[in-house]
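Data block for protein.txt (compact mmCIF, C-alpha atoms):
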# COMPACT_ATOMS: atom_id res chain seq x y z
CA MET A 89 92.18 -3.85 -34.70
CA LYS A 90 90.78 -6.94 -36.42
CA LEU A 91 88.86 -6.39 -39.62
CA TYR A 92 85.84 -8.47 -40.82
CA SER A 93 84.49 -8.57 -44.33
CA LYS A 94 80.85 -8.73 -45.33
CA ARG A 95 81.26 -12.40 -46.11
CA HIS A 96 82.48 -13.01 -42.58
CA TYR A 97 79.34 -11.36 -41.05
CA ILE A 98 76.98 -13.45 -43.18
CA THR A 99 78.79 -16.67 -42.34
CA SER A 100 78.71 -15.90 -38.57
CA ILE A 101 74.98 -15.19 -38.66
CA ALA A 102 74.27 -18.39 -40.52
CA ILE A 103 76.25 -20.48 -38.08
CA ALA A 104 74.43 -18.87 -35.08
CA CYS A 105 70.99 -19.54 -36.61
CA ALA A 106 71.89 -23.17 -37.31
CA ALA A 107 73.06 -23.71 -33.72
CA SER A 108 69.89 -22.12 -32.35
CA ALA A 109 67.73 -24.38 -34.53
CA VAL A 110 69.55 -27.49 -33.31
CA VAL A 111 69.08 -26.54 -29.63
CA THR A 112 65.36 -25.72 -30.11
CA ALA A 113 64.74 -29.03 -31.88
CA PHE A 114 66.42 -30.94 -29.08
CA ILE A 115 64.36 -29.26 -26.32
CA SER A 116 61.08 -29.78 -28.23
CA SER A 117 61.87 -33.46 -28.71
CA ALA A 118 62.53 -33.92 -24.99
CA ILE A 119 59.26 -32.24 -24.01
CA THR A 120 57.23 -34.34 -26.45
CA LYS A 121 58.76 -37.55 -25.19
CA ASN A 122 58.01 -36.64 -21.58
CA ASN A 123 54.36 -35.89 -22.39
CA GLN A 124 53.95 -39.19 -24.17
CA GLU A 125 55.34 -41.11 -21.22
CA THR A 126 52.97 -39.29 -18.84
CA ASN A 127 49.89 -40.05 -20.94
CA THR A 128 50.91 -43.68 -21.30
CA GLN A 129 51.24 -44.01 -17.52
CA LYS A 130 47.74 -42.51 -16.99
CA ILE A 131 46.20 -44.96 -19.47
CA GLU A 132 47.93 -47.91 -17.80
CA ASN A 133 46.67 -46.80 -14.38
CA GLN A 134 43.07 -46.46 -15.60
CA THR A 135 43.24 -49.85 -17.28
CA SER A 136 44.61 -51.36 -14.10
CA GLN A 137 41.69 -49.95 -12.09
CA ILE A 138 39.11 -51.29 -14.52
CA GLU A 139 40.51 -54.74 -15.08
CA ALA A 140 41.97 -55.54 -11.64
CA PRO A 141 40.21 -58.64 -10.21
CA ALA A 142 38.48 -58.48 -6.74
CA LYS A 143 40.64 -59.45 -3.86
CA ASP A 144 39.92 -62.99 -2.61
CA THR A 145 38.83 -62.84 1.05
CA SER A 146 37.57 -66.40 1.37
CA ASP A 147 40.56 -67.39 3.42
CA ILE A 148 40.17 -64.50 5.95
CA GLN A 149 38.71 -65.60 9.27
CA PRO A 150 35.87 -63.58 10.98
CA ASP A 151 38.13 -63.00 13.98
CA ALA A 152 40.25 -60.78 11.80
CA PHE A 153 37.48 -58.11 11.82
CA ILE A 154 37.39 -55.71 14.82
CA PRO A 155 33.92 -54.14 15.51
CA VAL A 156 33.84 -50.35 15.51
CA ASN A 157 31.44 -50.15 18.52
CA GLU A 158 32.21 -53.13 20.68
CA VAL A 159 29.71 -53.75 23.56
CA SER A 160 31.42 -53.40 26.91
CA THR A 161 31.09 -56.31 29.31
CA VAL A 162 32.32 -54.31 32.30
CA PRO A 163 29.70 -54.58 35.12
CA VAL A 164 27.71 -51.36 35.80
CA LYS A 165 28.56 -49.81 39.15
CA TYR A 166 25.61 -48.01 40.77
CA THR A 167 26.03 -45.23 43.28
CA ALA A 168 24.69 -45.67 46.79
CA ASP A 169 21.87 -43.25 45.96
CA GLU A 170 20.94 -45.17 42.81
CA LEU A 171 20.92 -48.46 44.71
CA GLN A 172 18.54 -46.95 47.27
CA ASN A 173 16.17 -45.83 44.54
CA ILE A 174 16.32 -49.17 42.75
CA ASN A 175 15.72 -51.14 45.96
CA VAL A 176 12.74 -49.03 47.03
CA TYR A 177 11.14 -49.27 43.58
CA GLU A 178 11.62 -53.05 43.36
CA GLN A 179 10.27 -53.45 46.89
CA CYS A 180 7.18 -51.27 46.53
CA ASN A 181 6.10 -50.73 42.92
CA GLU A 182 3.94 -53.87 42.73
CA ALA A 183 1.95 -52.66 45.74
CA VAL A 184 0.97 -49.42 43.97
CA VAL A 185 -2.31 -49.65 42.04
CA ASN A 186 -4.00 -47.55 39.39
CA ILE A 187 -7.54 -46.43 40.26
CA ASN A 188 -10.08 -45.46 37.58
CA THR A 189 -13.68 -44.50 38.16
CA GLN A 190 -16.95 -44.21 36.29
CA VAL A 191 -19.46 -41.49 37.10
CA MET A 192 -23.05 -40.87 36.14
CA GLY A 193 -23.58 -38.15 33.56
CA VAL A 194 -26.38 -36.85 31.34
CA ASN A 195 -26.51 -37.00 27.54
CA TRP A 196 -28.08 -34.51 25.06
CA PHE A 197 -31.51 -36.01 25.74
CA LEU A 198 -31.10 -35.53 29.50
CA GLU A 199 -30.81 -39.28 29.93
CA PRO A 200 -28.45 -40.69 32.57
CA VAL A 201 -25.34 -42.27 31.06
CA VAL A 202 -22.18 -43.74 32.51
CA GLU A 203 -19.05 -41.71 31.79
CA ALA A 204 -15.36 -42.06 32.52
CA GLY A 205 -14.49 -40.36 35.78
CA GLY A 206 -11.15 -39.55 37.32
CA SER A 207 -8.04 -41.59 37.91
CA GLY A 208 -5.41 -41.76 40.59
CA SER A 209 -3.19 -44.02 42.60
CA GLY A 210 -3.45 -46.14 45.70
CA SER A 211 -1.43 -48.46 47.93
CA ILE A 212 -2.24 -52.03 48.92
CA ILE A 213 -1.86 -52.01 52.70
CA ASP A 214 -3.24 -55.46 53.52
CA SER A 215 -2.96 -58.84 51.81
CA ARG A 216 -6.76 -59.19 51.97
CA GLY A 217 -7.09 -56.48 49.31
CA TYR A 218 -7.42 -53.24 51.27
CA VAL A 219 -6.25 -50.14 49.39
CA VAL A 220 -5.74 -46.61 50.74
CA THR A 221 -6.22 -43.60 48.46
CA ASN A 222 -7.67 -40.06 48.50
CA VAL A 223 -11.35 -39.22 48.82
CA HIS A 224 -11.17 -36.86 45.84
CA VAL A 225 -9.88 -39.71 43.62
CA ILE A 226 -13.18 -41.61 44.02
CA SER A 227 -15.50 -38.63 44.48
CA GLY A 228 -18.84 -39.14 42.72
CA ALA A 229 -17.88 -42.59 41.44
CA THR A 230 -20.56 -45.14 40.59
CA LYS A 231 -17.94 -47.79 39.82
CA ILE A 232 -14.32 -48.08 40.91
CA TYR A 233 -11.72 -50.20 39.11
CA ILE A 234 -8.40 -51.16 40.67
CA SER A 235 -5.59 -52.23 38.30
CA LEU A 236 -2.62 -54.19 39.62
CA SER A 237 0.95 -54.28 38.33
CA ASP A 238 0.39 -57.59 36.50
CA GLY A 239 -2.40 -56.03 34.42
CA THR A 240 -5.31 -57.64 36.26
CA GLN A 241 -8.23 -55.40 37.12
CA TYR A 242 -10.80 -55.72 39.90
CA GLU A 243 -13.87 -53.78 40.89
CA GLY A 244 -13.40 -52.05 44.21
CA THR A 245 -15.86 -51.14 46.95
CA VAL A 246 -15.63 -48.24 49.39
CA ILE A 247 -15.05 -49.40 52.97
CA GLY A 248 -15.08 -45.87 54.33
CA SER A 249 -14.03 -42.31 53.52
CA ASP A 250 -13.05 -39.30 55.59
CA SER A 251 -13.26 -35.92 53.88
CA GLU A 252 -11.54 -34.15 56.78
CA SER A 253 -8.28 -35.97 56.03
CA ASP A 254 -9.04 -36.75 52.34
CA ILE A 255 -8.42 -40.45 52.98
CA ALA A 256 -10.52 -43.34 51.71
CA VAL A 257 -10.17 -47.11 52.07
CA LEU A 258 -11.21 -49.42 49.24
CA LYS A 259 -11.30 -53.20 48.98
CA PHE A 260 -11.09 -55.66 46.12
CA ASN A 261 -11.31 -59.44 46.22
CA PRO A 262 -8.39 -61.22 44.54
CA PRO A 263 -8.72 -64.91 43.61
CA ALA A 264 -7.89 -67.46 46.29
CA GLY A 265 -4.18 -68.10 46.54
CA THR A 266 -3.18 -64.70 45.16
CA VAL A 267 -0.20 -63.24 46.99
CA LEU A 268 -0.38 -59.45 47.09
CA LYS A 269 2.57 -57.14 47.66
CA THR A 270 1.81 -54.60 50.39
CA ILE A 271 3.29 -51.36 51.73
CA SER A 272 3.60 -50.80 55.47
CA PHE A 273 3.19 -47.48 57.29
CA GLY A 274 6.31 -45.70 58.53
CA ASP A 275 6.83 -43.12 61.27
CA SER A 276 6.15 -39.60 60.00
CA GLN A 277 6.82 -38.13 63.45
CA THR A 278 10.59 -38.55 63.01
CA LEU A 279 10.81 -36.88 59.59
CA LYS A 280 13.35 -34.09 59.10
CA VAL A 281 13.39 -31.28 56.54
CA GLY A 282 15.92 -32.25 53.90
CA GLN A 283 15.28 -35.98 54.29
CA LYS A 284 15.07 -37.87 51.00
CA VAL A 285 11.62 -39.16 50.00
CA ILE A 286 10.32 -41.14 47.04
CA ALA A 287 6.92 -41.07 45.33
CA ILE A 288 5.45 -43.84 43.20
CA GLY A 289 2.20 -43.29 41.31
CA ASN A 290 0.45 -43.12 37.97
CA PRO A 291 0.87 -39.55 36.67
CA PHE A 292 -1.01 -38.94 33.41
CA GLY A 293 -1.81 -42.67 33.28
CA LEU A 294 1.88 -43.67 33.16
CA GLU A 295 1.73 -46.57 35.58
CA ARG A 296 4.12 -46.93 38.53
CA THR A 297 6.27 -43.90 37.82
CA MET A 298 8.93 -43.10 40.40
CA THR A 299 10.16 -39.62 41.37
CA THR A 300 12.50 -38.51 44.12
CA GLY A 301 12.97 -35.39 46.21
CA VAL A 302 13.26 -34.18 49.77
CA VAL A 303 11.01 -33.11 52.61
CA SER A 304 10.65 -29.36 52.05
CA GLY A 305 8.57 -28.56 55.12
CA LEU A 306 6.62 -30.14 57.97
CA GLY A 307 3.45 -29.30 59.88
CA ARG A 308 1.83 -27.38 57.02
CA PRO A 309 -1.89 -26.60 57.46
CA ILE A 310 -3.37 -26.90 53.96
CA GLN A 311 -6.94 -26.24 52.84
CA ASN A 312 -8.29 -28.85 50.44
CA SER A 313 -10.94 -28.52 47.74
CA ASN A 314 -13.71 -28.99 50.33
CA SER A 315 -12.43 -25.94 52.27
CA THR A 316 -11.33 -28.29 55.05
CA ILE A 317 -7.95 -27.58 56.58
CA ILE A 318 -5.73 -30.65 56.93
CA ARG A 319 -3.10 -30.08 59.58
CA ASP A 320 0.50 -31.28 59.80
CA MET A 321 0.86 -31.93 56.07
CA ILE A 322 4.25 -32.93 54.64
CA GLN A 323 5.56 -30.56 51.97
CA THR A 324 7.88 -32.05 49.35
CA ASP A 325 9.56 -31.06 46.09
CA THR A 326 9.13 -34.61 44.76
CA ALA A 327 7.41 -34.38 41.37
CA ILE A 328 3.70 -35.00 41.94
CA ASN A 329 1.34 -34.64 38.98
CA PRO A 330 -2.31 -35.43 38.23
CA GLY A 331 -2.67 -39.17 38.72
CA ASN A 332 -0.21 -39.29 41.63
CA SER A 333 -2.99 -38.49 44.13
CA GLY A 334 -3.51 -41.29 46.61
CA GLY A 335 -0.10 -42.84 45.94
CA PRO A 336 2.55 -43.41 48.61
CA LEU A 337 5.30 -41.05 49.71
CA LEU A 338 8.09 -43.35 50.87
CA ASP A 339 11.26 -43.12 52.91
CA THR A 340 14.48 -44.79 51.74
CA ALA A 341 13.50 -47.99 53.59
CA GLY A 342 10.35 -48.33 51.47
CA ARG A 343 7.92 -47.40 54.26
CA MET A 344 4.92 -45.17 53.56
CA ILE A 345 5.42 -41.96 55.52
CA GLY A 346 2.68 -40.04 53.68
CA ILE A 347 -0.13 -40.20 51.12
CA ASN A 348 0.31 -37.78 48.21
CA THR A 349 -2.72 -35.52 48.13
CA ILE A 350 -2.34 -31.98 46.80
CA ILE A 351 -0.13 -30.03 44.40
CA TYR A 352 0.13 -26.25 44.32
CA SER A 353 0.46 -25.09 40.72
CA SER A 354 -1.12 -22.54 38.43
CA SER A 355 -1.07 -25.08 35.57
CA GLY A 356 -2.19 -28.09 37.60
CA ASN A 357 1.14 -29.84 36.99
CA ASN A 358 4.13 -30.29 39.23
CA ALA A 359 5.75 -27.04 40.32
CA GLY A 360 7.95 -28.41 43.06
CA VAL A 361 5.33 -27.90 45.79
CA GLY A 362 3.39 -31.01 46.74
CA PHE A 363 1.73 -32.11 49.96
CA ALA A 364 1.10 -35.47 51.58
CA VAL A 365 -1.09 -36.53 54.51
CA PRO A 366 1.35 -37.76 57.18
CA ALA A 367 1.38 -41.45 58.04
CA SER A 368 0.56 -40.65 61.69
CA THR A 369 -2.81 -39.29 60.57
CA ALA A 370 -3.38 -41.82 57.78
CA HIS A 371 -2.71 -44.84 60.00
CA ARG A 372 -5.25 -43.75 62.61
CA VAL A 373 -7.88 -42.84 60.01
CA VAL A 374 -7.42 -46.08 58.05
CA ASN A 375 -7.76 -48.22 61.17
CA ASP A 376 -11.01 -46.47 62.11
CA LEU A 377 -12.42 -46.73 58.60
CA ILE A 378 -11.72 -50.46 58.41
CA LYS A 379 -13.03 -51.12 61.91
CA PHE A 380 -15.99 -48.71 62.13
CA GLY A 381 -16.57 -47.37 58.61
CA THR A 382 -16.11 -43.85 60.01
CA VAL A 383 -13.41 -42.01 61.95
CA GLN A 384 -13.89 -41.82 65.71
CA ARG A 385 -13.28 -38.17 66.59
CA GLY A 386 -13.98 -36.43 69.86
CA VAL A 387 -16.39 -33.50 69.60
CA ILE A 388 -17.94 -30.78 71.70
CA GLU A 389 -21.74 -30.98 71.63
CA ALA A 390 -22.64 -27.45 70.58
CA ASP A 391 -23.95 -25.50 67.59
CA LEU A 392 -21.11 -23.24 66.47
CA ILE A 393 -21.03 -20.16 64.20
CA GLN A 394 -18.06 -18.50 62.54
CA LEU A 395 -17.67 -15.04 64.10
CA ASN A 396 -17.19 -12.16 61.63
CA ASN A 397 -17.33 -8.37 61.50
CA ALA A 398 -21.06 -8.27 60.72
CA ILE A 399 -22.01 -10.37 63.75
CA ALA A 400 -19.48 -8.62 65.99
CA ASN A 401 -20.79 -5.17 65.03
CA TYR A 402 -24.44 -6.16 65.41
CA ALA A 403 -23.85 -7.79 68.82
CA ARG A 404 -21.45 -5.00 69.89
CA LEU A 405 -18.67 -7.46 70.69
CA ASP A 406 -15.12 -6.40 71.53
CA ILE A 407 -13.58 -9.14 69.29
CA ASN A 408 -14.41 -10.17 65.72
CA SER A 409 -12.67 -13.57 65.36
CA GLY A 410 -13.29 -16.92 66.98
CA VAL A 411 -16.17 -19.39 67.09
CA LEU A 412 -19.49 -18.27 68.55
CA VAL A 413 -21.41 -20.83 70.63
CA SER A 414 -24.98 -20.43 69.39
CA GLU A 415 -26.50 -23.36 71.34
CA VAL A 416 -25.31 -26.20 73.52
CA THR A 417 -26.89 -29.66 73.59
CA GLN A 418 -28.88 -30.11 76.77
CA ASN A 419 -26.96 -32.37 79.16
CA GLY A 420 -24.22 -32.66 76.55
CA ASN A 421 -20.52 -32.44 77.37
CA ALA A 422 -20.38 -28.68 76.66
CA ASP A 423 -23.42 -28.04 78.84
CA LYS A 424 -21.97 -30.13 81.68
CA ALA A 425 -18.60 -28.37 81.42
CA GLY A 426 -20.23 -24.95 81.78
CA ILE A 427 -19.97 -23.61 78.23
CA LYS A 428 -22.84 -21.17 77.62
CA GLY A 429 -24.94 -20.75 74.48
CA GLY A 430 -26.69 -17.59 73.29
CA THR A 431 -30.12 -16.29 74.27
CA GLN A 432 -30.94 -13.61 71.66
CA ALA A 433 -32.45 -15.17 68.54
CA VAL A 434 -31.69 -13.47 65.20
CA ARG A 435 -32.04 -14.40 61.53
CA TYR A 436 -28.64 -14.82 59.92
CA GLY A 437 -27.70 -15.32 56.26
CA ALA A 438 -28.79 -13.73 52.96
CA ARG A 439 -29.53 -16.70 50.70
CA ASN A 440 -30.52 -19.33 53.22
CA PRO A 441 -31.24 -17.45 56.44
CA ARG A 442 -31.20 -19.43 59.66
CA THR A 443 -31.85 -18.66 63.28
CA ILE A 444 -28.81 -18.24 65.49
CA TYR A 445 -28.48 -17.11 69.10
CA LEU A 446 -26.25 -14.26 70.22
CA GLY A 447 -24.87 -13.65 73.70
CA GLY A 448 -23.10 -16.98 74.17
CA ASP A 449 -19.41 -17.81 74.72
CA ILE A 450 -16.84 -17.31 71.97
CA ILE A 451 -14.21 -20.08 71.69
CA THR A 452 -10.79 -18.46 71.06
CA ALA A 453 -8.32 -21.28 71.85
CA ILE A 454 -8.06 -25.04 72.35
CA ASN A 455 -5.19 -26.33 74.47
CA GLY A 456 -3.52 -22.95 74.12
CA GLU A 457 -3.66 -22.87 70.31
CA LYS A 458 -5.53 -19.96 68.75
CA VAL A 459 -8.95 -20.53 67.20
CA ALA A 460 -9.81 -17.77 64.73
CA THR A 461 -12.10 -19.75 62.43
CA LEU A 462 -14.24 -22.86 62.31
CA ALA A 463 -11.49 -24.47 60.22
CA ASP A 464 -9.05 -23.89 63.12
CA TYR A 465 -11.54 -25.39 65.55
CA PHE A 466 -12.09 -28.60 63.55
CA SER A 467 -8.39 -28.94 62.76
CA LEU A 468 -7.40 -28.78 66.43
CA LEU A 469 -9.94 -31.48 67.31
CA GLU A 470 -9.20 -33.64 64.25
CA ASN A 471 -6.84 -36.02 66.04
CA LYS A 472 -8.67 -36.06 69.36
CA ARG A 473 -10.41 -39.23 70.51
CA PRO A 474 -13.67 -39.59 72.41
CA GLY A 475 -12.87 -39.61 76.14
CA GLU A 476 -9.93 -37.22 75.87
CA THR A 477 -10.08 -33.91 77.71
CA VAL A 478 -9.24 -30.54 76.17
CA ASN A 479 -8.83 -27.11 77.65
CA ILE A 480 -11.15 -24.60 75.99
CA THR A 481 -10.58 -20.85 76.26
CA VAL A 482 -13.80 -18.86 75.83
CA HIS A 483 -14.31 -15.10 75.68
CA ARG A 484 -17.21 -14.14 77.98
CA ASN A 485 -18.22 -10.65 79.08
CA LYS A 486 -14.96 -9.24 77.66
CA LYS A 487 -12.88 -11.69 79.69
CA ASP A 488 -11.17 -15.00 78.88
CA VAL A 489 -12.35 -18.06 80.80
CA SER A 490 -10.69 -21.51 80.77
CA ILE A 491 -12.98 -24.57 80.73
CA THR A 492 -12.06 -28.29 80.63
CA VAL A 493 -14.26 -30.47 78.43
CA THR A 494 -14.31 -34.25 78.02
CA LEU A 495 -14.86 -35.06 74.36
CA VAL A 496 -17.51 -37.50 73.19
CA ASN A 497 -18.02 -39.40 69.95
CA ALA A 498 -19.92 -37.54 67.25
CA LYS A 499 -23.58 -38.48 66.95
CA LYS A 500 -24.38 -40.11 63.60

Mind turning the file's structure into structure tokens?
Amino acid sequence: MKLYSKRHYITSIAIACAASAVVTAFISSAITKNNQETNTQKIENQTSQIEAPAKDTSDIQPDAFIPVNEVSTVPVKYTADELQNINVYEQCNEAVVNINTQVMGVNWFLEPVVEAGGSGSGSIIDSRGYVVTNVHVISGATKIYISLSDGTQYEGTVIGSDSESDIAVLKFNPPAGTVLKTISFGDSQTLKVGQKVIAIGNPFGLERTMTTGVVSGLGRPIQNSNSTIIRDMIQTDTAINPGNSGGPLLDTAGRMIGINTIIYSSSGNNAGVGFAVPASTAHRVVNDLIKFGTVQRGVIEADLIQLNNAIANYARLDINSGVLVSEVTQNGNADKAGIKGGTQAVRYGARNPRTIYLGGDIITAINGEKVATLADYFSLLENKRPGETVNITVHRNKKDVSITVTLVNAKK
């Protein structure tokens, strides 16, 4: 066993403390030096950022810059459907006019004053300045203004109007040498449900707006604001809004196959249900209005009354629908054909009573199509010409009798 004296212990402790102090001093010196180098580097970096001169770009050419959003020069490729739309619009839009009217009103002092009326659309159908539109577009107008696509405006005159089809023809006089774009009538008889159609008009005053859709239905009987039923209307889902009235409904060849007339909507705006007068009706009406000022329709010369429950009960009739023949014109076409008027005079009507005659024939069909109301009667004769013959079914003495009548022109 090795023995140590007290002096040995003290010496060993002293040596250990000295060694520890040397090691600690060395480590502290290393850490201090490292911190100084780090701080020096940070200062140099900051100084470099502050004093570094701007990079000289004078020798860099513009071609070296690449735009972030470069405009493509690749030609636009239109679909076949888009090309159809574009072609129809370019072909027809200049022939669509904006129609504005002035009406006579009354001010606070009950003095007559001129006020702004309605507005709508129309189509130039003849290079002489004839325009077709709706009757309700110009209703009550004291002045009519027709605005063309180039911004020129002309005062229009009414050549003729036909409330039964809601079609009117206007005319304006362009300066000599003016070349007008026109729209020709197409064939509405060959239309099919699902066929694409295009409308151009001025909805809400936005001139020559184009919308597209399809034929939703054909042969629709629609009652207009005058309680007149227009037969064979074209139903379409093409957007039609206020201001479109009177504008053309076109096929994909740019031919007018209808005149936009009515929309069905609770708000008065487009709801996907619009109606147009077919070109077959419009063409015939327009020709008559230009030639005669009125439409030449065949009529039966008789005074007719709408049959209802009150009349049927009073007269003890076995039917309560149809058109009662109150009187026939002496030596008129109805009289000559053998249609009989009534003989029992009665006062009819609460507010404005009139004398009618009971006991006459009741018209129930024309050419085999049912007649339940006066609207049915006028609708079935709407496209009949003077000189044509029609087969009239009348109810007489509880039996049906067939009578052939040659129509004549309405007396003016």

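For the residues A:Ser237, A:Ser467, A:Thr167, A:Ser249, ranking by smallest atom-to-atom distance to A:Leu377 using all atoms listed in the file places A:Ser249 first.
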
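The two atoms in question, atom CA of A:Ala433 and atom CA of A:Asn479, are spaced 28.0 Å apart.
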
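Between atom CA of A:Ile378 and atom CA of A:Arg216 lies a distance of 11.9 Å.
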
Might you pull out every residue within 6 Å of stretch 277-290 of chain A, with only C-alpha atoms counted and same-chain residues fewer than 2 positions away left off, and present them as a ChimeraX atom specification?
/A:209,275,293-305,331-332,335-339

Adding 4 Å on each side of the box along x, y and z that holds all listed atoms of stretch 451-455 of chain A, could you give its centre and edge lengths in Å to one decimal, as JSON?
{"center_x": -9.7, "center_y": -22.4, "center_z": 72.8, "size_x": 17.0, "size_y": 15.9, "size_z": 11.4}

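Checking A:Tyr242, A:Phe273, A:Tyr218, A:Tyr436 one by one against A:Val257, counting all atoms listed in the file, you find the shortest gap at A:Tyr218.
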
Just give me the gap between atom CA of A:Asn421 and atom CA of A:Arg473 in Å, one decimal is fine.
14.0 Å

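Taking only C-alpha atoms into account, A:Val478 lies nearest to A:Ile388 out of the set A:Leu412, A:Ile388, A:Leu395, A:Ala229.
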
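If only C-alpha atoms are the atoms counted, then among A:Val225, A:Val201, A:Ala390, A:Ile232 the closest residue to A:Thr349 is A:Val225.
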
Can you tell me, as a list in words, which residues sit within 9 Å of (-11.5, -9.6, 66.6) in the file's frame, using all atoms listed in the file?
Leu395, Asn396, Asn397, Ala400, Leu405, Asp406, Ile407, Asn408, Ser409, Gly410 and Ala460 of chain A

So which residues fall inside 7 Å of (-15.8, -46.3, 37.7) if we count all atoms listed in the file? Mind giving them as a PyMOL selection string?
chain A and resi 188-191+204-205+229-233

Do a neighbour search on A:Ala364 at 7 Å with only C-alpha atoms, toss out local chain neighbours closer than 6 positions, and write the hits as a PyMOL selection string.
chain A and resi 321-323+346-350

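With all atoms listed in the file as the atoms that count, the residue of A:Ala438, A:Val246, A:Leu236, A:Ala183 with the shortest distance to A:Ser272 is A:Ala183.
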
Neighbouring residues of A:Ile318 were defined as those with any atom within 7 Å, considering all atoms listed in the file; residues of the same chain fewer than 4 positions away were excluded. Please report them as an MDAnalysis selection string.
chainID A and resid 252:253 309:311 467

Store the residues picked out above in a file with C-alpha atoms, as a PDB file, in the frame of the given file.
ATOM      1  CA  GLU A 252     -11.540 -34.150  56.780  1.00  0.00           C
ATOM      2  CA  SER A 253      -8.280 -35.970  56.030  1.00  0.00           C
ATOM      3  CA  PRO A 309      -1.890 -26.600  57.460  1.00  0.00           C
ATOM      4  CA  ILE A 310      -3.370 -26.900  53.960  1.00  0.00           C
ATOM      5  CA  GLN A 311      -6.940 -26.240  52.840  1.00  0.00           C
ATOM      6  CA  SER A 467      -8.390 -28.940  62.760  1.00  0.00           C
TER       7      SER A 467
END

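Counting all atoms listed in the file and comparing A:Ile427, A:Gly307, A:Gly274, A:Phe197, the residue that lies closest to A:Thr340 is A:Gly274.
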
Give me the residues near A:Ile491 as a JSON list (two decimals) with C-alpha atoms, in the frame of the given file, where near means some atom within 8 Å (using all atoms listed in the file) and where sequence neighbours in that chain fewer than 5 positions away do not count.
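Generated output (part_29.json):
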[["chain", "number", "residue", "atom", "x", "y", "z"],
["A", 425, "ALA", "CA", -18.60, -28.37, 81.42],
["A", 426, "GLY", "CA", -20.23, -24.95, 81.78],
["A", 427, "ILE", "CA", -19.97, -23.61, 78.23],
["A", 479, "ASN", "CA", -8.83, -27.11, 77.65],
["A", 480, "ILE", "CA", -11.15, -24.60, 75.99],
["A", 481, "THR", "CA", -10.58, -20.85, 76.26],
["A", 482, "VAL", "CA", -13.80, -18.86, 75.83]]

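Look at A:Lys424: the protein and nucleic acid residues within 12 Å of it, using only C-alpha atoms and passing over chain neighbours fewer than 4 places away, are Ile388, Glu389, Ala390, Val416, Thr417, Gln418, Asn419, Gly420, Lys428, Ile491, Thr492, Val493, Thr494 and Leu495 of chain A.
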
Please extract stretch 441-465 of chain A and write it out with C-alpha atoms, as a PDB file, in the first residue's frame.
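Generated output (out.pdb):
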ATOM      1  CA  PRO A 441    -127.404  46.789 -72.818  1.00  0.00           C
ATOM      2  CA  ARG A 442    -128.064  46.045 -76.472  1.00  0.00           C
ATOM      3  CA  THR A 443    -130.760  44.266 -78.395  1.00  0.00           C
ATOM      4  CA  ILE A 444    -129.945  40.780 -79.593  1.00  0.00           C
ATOM      5  CA  TYR A 445    -132.113  38.132 -81.243  1.00  0.00           C
ATOM      6  CA  LEU A 446    -132.499  34.602 -79.938  1.00  0.00           C
ATOM      7  CA  GLY A 447    -133.598  31.530 -81.871  1.00  0.00           C
ATOM      8  CA  GLY A 448    -130.963  31.649 -84.615  1.00  0.00           C
ATOM      9  CA  ASP A 449    -128.240  29.162 -85.582  1.00  0.00           C
ATOM     10  CA  ILE A 450    -125.254  28.511 -83.323  1.00  0.00           C
ATOM     11  CA  ILE A 451    -121.899  28.139 -85.133  1.00  0.00           C
ATOM     12  CA  THR A 452    -119.952  25.266 -83.516  1.00  0.00           C
ATOM     13  CA  ALA A 453    -117.238  24.477 -86.100  1.00  0.00           C
ATOM     14  CA  ILE A 454    -115.472  25.852 -89.179  1.00  0.00           C
ATOM     15  CA  ASN A 455    -113.908  23.349 -91.563  1.00  0.00           C
ATOM     16  CA  GLY A 456    -114.191  20.718 -88.864  1.00  0.00           C
ATOM     17  CA  GLU A 457    -112.376  22.745 -86.184  1.00  0.00           C
ATOM     18  CA  LYS A 458    -114.309  23.465 -83.009  1.00  0.00           C
ATOM     19  CA  VAL A 459    -115.665  26.960 -82.368  1.00  0.00           C
ATOM     20  CA  ALA A 460    -116.352  27.507 -78.670  1.00  0.00           C
ATOM     21  CA  THR A 461    -115.826  31.272 -78.536  1.00  0.00           C
ATOM     22  CA  LEU A 462    -115.761  34.350 -80.730  1.00  0.00           C
ATOM     23  CA  ALA A 463    -111.958  34.259 -80.457  1.00  0.00           C
ATOM     24  CA  ASP A 464    -112.002  30.762 -82.013  1.00  0.00           C
ATOM     25  CA  TYR A 465    -114.286  31.992 -84.783  1.00  0.00           C
TER      26      TYR A 465
END
